[in-house]
Amino acid sequence: MNGDMYLAWASNEENRNKADCGGAVTALLKFALESGLVDAVLAIKARDGDRYDGIPVLITDPEEIKDTAGVLHSSSINIPRYLKEYMAGVYNRKLAVVCKPCDARAIIELTKRDVMHLENLLLIGLNCTGTFSPVTAKEMFKEKFGVNPSDVIKEEIEDGKLKIRLKDETEVERDLKVLEEEGYGRRENCRRCEIKIPTMTDIACGRWGNTDEKMTFIEVCSDKGSNLIESAIEAGSIKVEKPNSEAIETRRKQDALAIKLAQEWQEKDFAPFKAMSADERFNYWFSQFSQCIKCFGCRDACPICFCEHCMLEADRGYVSGGEIPPNPLWPMVRVVHVMDSCINCGQCQDACPMELPLAKLIFMLNKEVAPRFDYEPGINVESRAPSATVTDTELTIEDVALFLKKSV
């Protein structure tokens with residue numbers, strides 16, 4: 001039933017030993033394929049064993065599921081974009097998708113726009129306290145942990161610490177807040193994120209609350225999730241026990257600590273702008289936008305950008321043929337277009353060659369917009385998304401500038 005909680009582990013010893021937290025997720029994915037609950041699994045694996053180079057894989061052979069076991073904190077793969085670009089509309093078989101909270105939120109937003117359909121998807125949510133840029137992670141492990149990045153086999157964020165395990169089973173930890181104040185640690189958007197447990201999925205799986213490192217704490221969040229868990233238990237694919245009140249409270253406290261840290265980062269990130277006048281804020285962002293080279297990288301990386309025809313493409317008539325749009329126009333229009341539905345995945349900022357702080361701006365604007373519409377993107381599939389489409393007669397560049405000047 002929805003809301004049920006379990007401590008689960010794989011019945012198969014190989015899965016239990018190879019995967020994190022007892023291999024429950026690996027066992028569930030394998031069972032879903034073998035039983036016909038799904039036709040394929042979309043997950044992530046390390047390319048050629050490189051933990052810093054994760055790639056999306058579509059699996060139809062249950063024996064290949066084991067290749068995706070483990071967590072890749074240093075590979076922030078754009079799962080919803082992969083799903084949207086390559087499968088939406090044409091991929092009509094049932095699919096299990098392994099996703100972080102921001103991935104799941106993007107998928108939910110896209111279903112509201114009829115880009116994909118949840119009835120064909122089984123969302124397996126993984127708790128997430130943040131991911132690392134591969135380049136930053138390698139430098140951090142070398143400079144701050146004093147280890148060879150290739151020797152790292154596992155990372156974990158817990159109790160405000162970043163803990164790593166090496167091939168020789170040595171464990172090293174550092175204070176996460178100190179690391180991030182020094183420019184290391186998680187990607188910027190992850191630091192601000194308050195949604196760590198993906199209860200918008202069918203099942204939410206994670207380490208928090210387990211009483212043993214060889215167990216996964218699972219919360220059932222939908223009827224589909226309940227059917228998966230109950231069927232897997234009955235088939236003997238996983239073993240479970242009920243968490244006691246102490247385990248549930250431990251999970252709640254870990255989540256609360258992670259949320260508190262996120263809110264502290266929000267205050268830190270937003271403080272400089274709160275100290276500025278409206279004119280100073282606008283001038284700052286206008287100067288940032290003026291560096292835009294209109295490469296379309298942010299749009300192409302965004303899982304929420306779903307328009308089949310972008311008004312700022314050269315052939316759309318919004319910009320006259322032979323003319324180049326003013327540098328600030330492109331990011332201004334795109335920011336306004338997605339700010340009500342942004343799920344803070346940070347992919348736009350990662351893709352920007354000019355290193356514009358796009359994710360920071362959109363997050364701040366979303367914080368302004370959300371209370372006005374009483375709408376938080378990607379949380380509840382039943383809630384109606386605010387209107388996100390305008391025409392050039394409804395919104396001018398002057399309107400965009402005025403909104404930014406008042407709100408940011």
# chains A, B, ... in the order shown; residues from 1 in each chain; ligands from 1
call {"tool": "closest_atom_pairs", "arguments": {"of": "region 192-265 of chain A", "to": "region 353-368 of chain A", "cutoff": "12 Å", "atoms": "only C-alpha atoms", "output": "tab-separated table"}}
result
residue	atom	partner	partner_atom	distance
A:Arg192	CA	A:Phe363	CA	8.8
A:Cys193	CA	A:Phe363	CA	9.6
A:Glu194	CA	A:Phe363	CA	11.8
A:Trp265	CA	A:Lys360	CA	11.2
call {"tool": "residues_around", "arguments": {"residues": "Leu176 (chain A)", "least_positions_apart": "6", "cutoff": "10 Å", "atoms": "only C-alpha atoms", "output": "ChimeraX atom specification"}}
result
/A:157-163,182,184-186,261
call {"tool": "write_last_selection", "arguments": {"atoms": "N, CA and C atoms", "output": "PDB file, in the first residue's frame"}}
result
ATOM      1  N   ILE A 157      27.248  10.960   1.201  1.00  0.00           N
ATOM      2  CA  ILE A 157      27.079  12.192   1.968  1.00  0.00           C
ATOM      3  C   ILE A 157      26.161  11.888   3.136  1.00  0.00           C
ATOM      4  N   GLU A 158      26.675  12.080   4.332  1.00  0.00           N
ATOM      5  CA  GLU A 158      25.907  11.727   5.530  1.00  0.00           C
ATOM      6  C   GLU A 158      26.414  12.535   6.713  1.00  0.00           C
ATOM      7  N   ASP A 159      25.472  13.017   7.524  1.00  0.00           N
ATOM      8  CA  ASP A 159      25.819  13.784   8.729  1.00  0.00           C
ATOM      9  C   ASP A 159      26.731  14.966   8.419  1.00  0.00           C
ATOM     10  N   GLY A 160      26.512  15.606   7.270  1.00  0.00           N
ATOM     11  CA  GLY A 160      27.314  16.764   6.908  1.00  0.00           C
ATOM     12  C   GLY A 160      28.718  16.430   6.465  1.00  0.00           C
ATOM     13  N   LYS A 161      28.996  15.154   6.213  1.00  0.00           N
ATOM     14  CA  LYS A 161      30.330  14.716   5.794  1.00  0.00           C
ATOM     15  C   LYS A 161      30.268  14.097   4.400  1.00  0.00           C
ATOM     16  N   LEU A 162      31.340  14.257   3.641  1.00  0.00           N
ATOM     17  CA  LEU A 162      31.519  13.510   2.403  1.00  0.00           C
ATOM     18  C   LEU A 162      32.473  12.370   2.713  1.00  0.00           C
ATOM     19  N   LYS A 163      31.954  11.152   2.598  1.00  0.00           N
ATOM     20  CA  LYS A 163      32.740   9.973   2.933  1.00  0.00           C
ATOM     21  C   LYS A 163      33.041   9.190   1.660  1.00  0.00           C
ATOM     22  N   GLU A 182      35.275  25.999  -0.095  1.00  0.00           N
ATOM     23  CA  GLU A 182      36.556  26.093  -0.806  1.00  0.00           C
ATOM     24  C   GLU A 182      36.400  25.864  -2.312  1.00  0.00           C
ATOM     25  N   TYR A 184      34.800  23.193  -3.787  1.00  0.00           N
ATOM     26  CA  TYR A 184      34.694  21.791  -4.193  1.00  0.00           C
ATOM     27  C   TYR A 184      33.280  21.290  -3.870  1.00  0.00           C
ATOM     28  N   GLY A 185      33.140  19.996  -3.717  1.00  0.00           N
ATOM     29  CA  GLY A 185      31.848  19.436  -3.333  1.00  0.00           C
ATOM     30  C   GLY A 185      30.867  19.345  -4.478  1.00  0.00           C
ATOM     31  N   ARG A 186      29.596  19.508  -4.156  1.00  0.00           N
ATOM     32  CA  ARG A 186      28.511  19.248  -5.106  1.00  0.00           C
ATOM     33  C   ARG A 186      28.341  20.359  -6.139  1.00  0.00           C
ATOM     34  N   LEU A 261      20.863  22.242   5.321  1.00  0.00           N
ATOM     35  CA  LEU A 261      22.085  22.632   4.623  1.00  0.00           C
ATOM     36  C   LEU A 261      21.745  23.308   3.295  1.00  0.00           C
TER      37      LEU A 261
END
call {"tool": "closest_atom_pairs", "arguments": {"of": "region 204-249 of chain A", "to": "region 100-108 of chain A", "cutoff": "12 Å", "atoms": "only C-alpha atoms", "output": "Markdown table"}}
result
| residue | atom | partner | partner_atom | distance |
| --- | --- | --- | --- | --- |
| A:Ala204 | CA | A:Pro101 | CA | 9.2 |
| A:Cys205 | CA | A:Lys100 | CA | 10.0 |
| A:Gly206 | CA | A:Lys100 | CA | 10.7 |
call {"tool": "residues_around", "arguments": {"residues": "Ile304 (chain A)", "least_positions_apart": "4", "cutoff": "8 Å", "atoms": "only C-alpha atoms", "output": "list in words"}}
result
Ala106, Glu109, Leu110, Val338, Ser341 and Cys342 of chain A
call {"tool": "write_last_selection", "arguments": {"atoms": "C-alpha atoms", "output": "tab-separated table (two decimals), in the first residue's frame"}}
result
chain	number	residue	atom	x	y	z
A	106	ALA	CA	11.16	16.74	-14.95
A	109	GLU	CA	6.34	18.15	-15.70
A	110	LEU	CA	6.65	16.68	-19.19
A	338	VAL	CA	10.89	27.95	-17.96
A	341	SER	CA	8.42	24.75	-14.29
A	342	CYS	CA	12.18	24.57	-13.58
call {"tool": "atom_distance", "arguments": {"atom1": "CA of Arg252 (chain A)", "atom2": "CA of Val71 (chain A)"}}
result
21.4 Å
call {"tool": "select_by_dssp", "arguments": {"residues": "region 42-268 of chain A", "states": "helix (DSSP H, G or I)", "output": "PyMOL selection string"}}
result
chain A and resi 62-68+79-86+101-112+118-120+134-143+149-151+176-181+188-192+223-235+245-268
call {"tool": "closest_residue", "arguments": {"among": "A:Tyr375, A:Tyr52, A:Phe145, A:Tyr6", "to": "Lys242 (chain A)", "atoms": "only C-alpha atoms"}}
result
A:Tyr6
call {"tool": "atom_distance", "arguments": {"atom1": "CA of Ile153 (chain A)", "atom2": "CA of Phe217 (chain A)"}}
result
21.5 Å
call {"tool": "atom_distance", "arguments": {"atom1": "CA of Tyr82 (chain A)", "atom2": "CA of Asp48 (chain A)"}}
result
20.1 Å
call {"tool": "closest_residue", "arguments": {"among": "A:Ala137, A:Ala32, A:Leu121, A:Leu228", "to": "Ser76 (chain A)", "atoms": "only C-alpha atoms"}}
result
A:Ala137
call {"tool": "residues_around", "arguments": {"residues": "Leu58 (chain A)", "least_positions_apart": "6", "cutoff": "9 Å", "atoms": "only C-alpha atoms", "output": "ChimeraX atom specification"}}
result
/A:40-44
call {"tool": "decode", "arguments": {"residues": "region 7-20 of chain A", "atoms": "N, CA and C atoms", "output": "mmCIF file, in the first residue's frame"}}
result
data_model
loop_
_atom_site.group_PDB
_atom_site.id
_atom_site.type_symbol
_atom_site.label_atom_id
_atom_site.label_comp_id
_atom_site.auth_asym_id
_atom_site.auth_seq_id
_atom_site.Cartn_x
_atom_site.Cartn_y
_atom_site.Cartn_z
ATOM 1 N N LEU A 7 12.652 -2.297 4.880
ATOM 2 C CA LEU A 7 14.091 -2.478 4.748
ATOM 3 C C LEU A 7 14.254 -3.717 3.874
ATOM 4 N N ALA A 8 14.904 -3.564 2.723
ATOM 5 C CA ALA A 8 14.921 -4.639 1.730
ATOM 6 C C ALA A 8 16.337 -4.968 1.291
ATOM 7 N N TRP A 9 16.530 -6.218 0.847
ATOM 8 C CA TRP A 9 17.810 -6.637 0.297
ATOM 9 C C TRP A 9 17.565 -7.744 -0.727
ATOM 10 N N ALA A 10 18.507 -7.903 -1.639
ATOM 11 C CA ALA A 10 18.367 -8.913 -2.687
ATOM 12 C C ALA A 10 18.505 -10.311 -2.118
ATOM 13 N N SER A 11 17.684 -11.223 -2.612
ATOM 14 C CA SER A 11 17.807 -12.627 -2.204
ATOM 15 C C SER A 11 19.043 -13.258 -2.809
ATOM 16 N N ASN A 12 19.396 -12.818 -4.033
ATOM 17 C CA ASN A 12 20.556 -13.346 -4.728
ATOM 18 C C ASN A 12 21.839 -12.804 -4.099
ATOM 19 N N GLU A 13 22.721 -13.688 -3.687
ATOM 20 C CA GLU A 13 23.933 -13.276 -2.976
ATOM 21 C C GLU A 13 24.849 -12.418 -3.834
ATOM 22 N N GLU A 14 24.950 -12.729 -5.132
ATOM 23 C CA GLU A 14 25.811 -11.943 -6.022
ATOM 24 C C GLU A 14 25.333 -10.496 -6.097
ATOM 25 N N ASN A 15 24.031 -10.294 -6.284
ATOM 26 C CA ASN A 15 23.480 -8.940 -6.316
ATOM 27 C C ASN A 15 23.675 -8.240 -4.982
ATOM 28 N N ARG A 16 23.490 -8.978 -3.913
ATOM 29 C CA ARG A 16 23.596 -8.406 -2.576
ATOM 30 C C ARG A 16 25.009 -7.913 -2.292
ATOM 31 N N ASN A 17 26.002 -8.627 -2.767
ATOM 32 C CA ASN A 17 27.390 -8.264 -2.484
ATOM 33 C C ASN A 17 27.938 -7.211 -3.427
ATOM 34 N N LYS A 18 27.484 -7.220 -4.678
ATOM 35 C CA LYS A 18 28.037 -6.293 -5.662
ATOM 36 C C LYS A 18 27.430 -4.907 -5.550
ATOM 37 N N ALA A 19 26.127 -4.826 -5.357
ATOM 38 C CA ALA A 19 25.423 -3.547 -5.366
ATOM 39 C C ALA A 19 25.493 -2.864 -4.005
ATOM 40 N N ASP A 20 25.157 -1.567 -3.994
ATOM 41 C CA ASP A 20 25.088 -0.827 -2.732
ATOM 42 C C ASP A 20 23.837 -1.222 -1.950
#
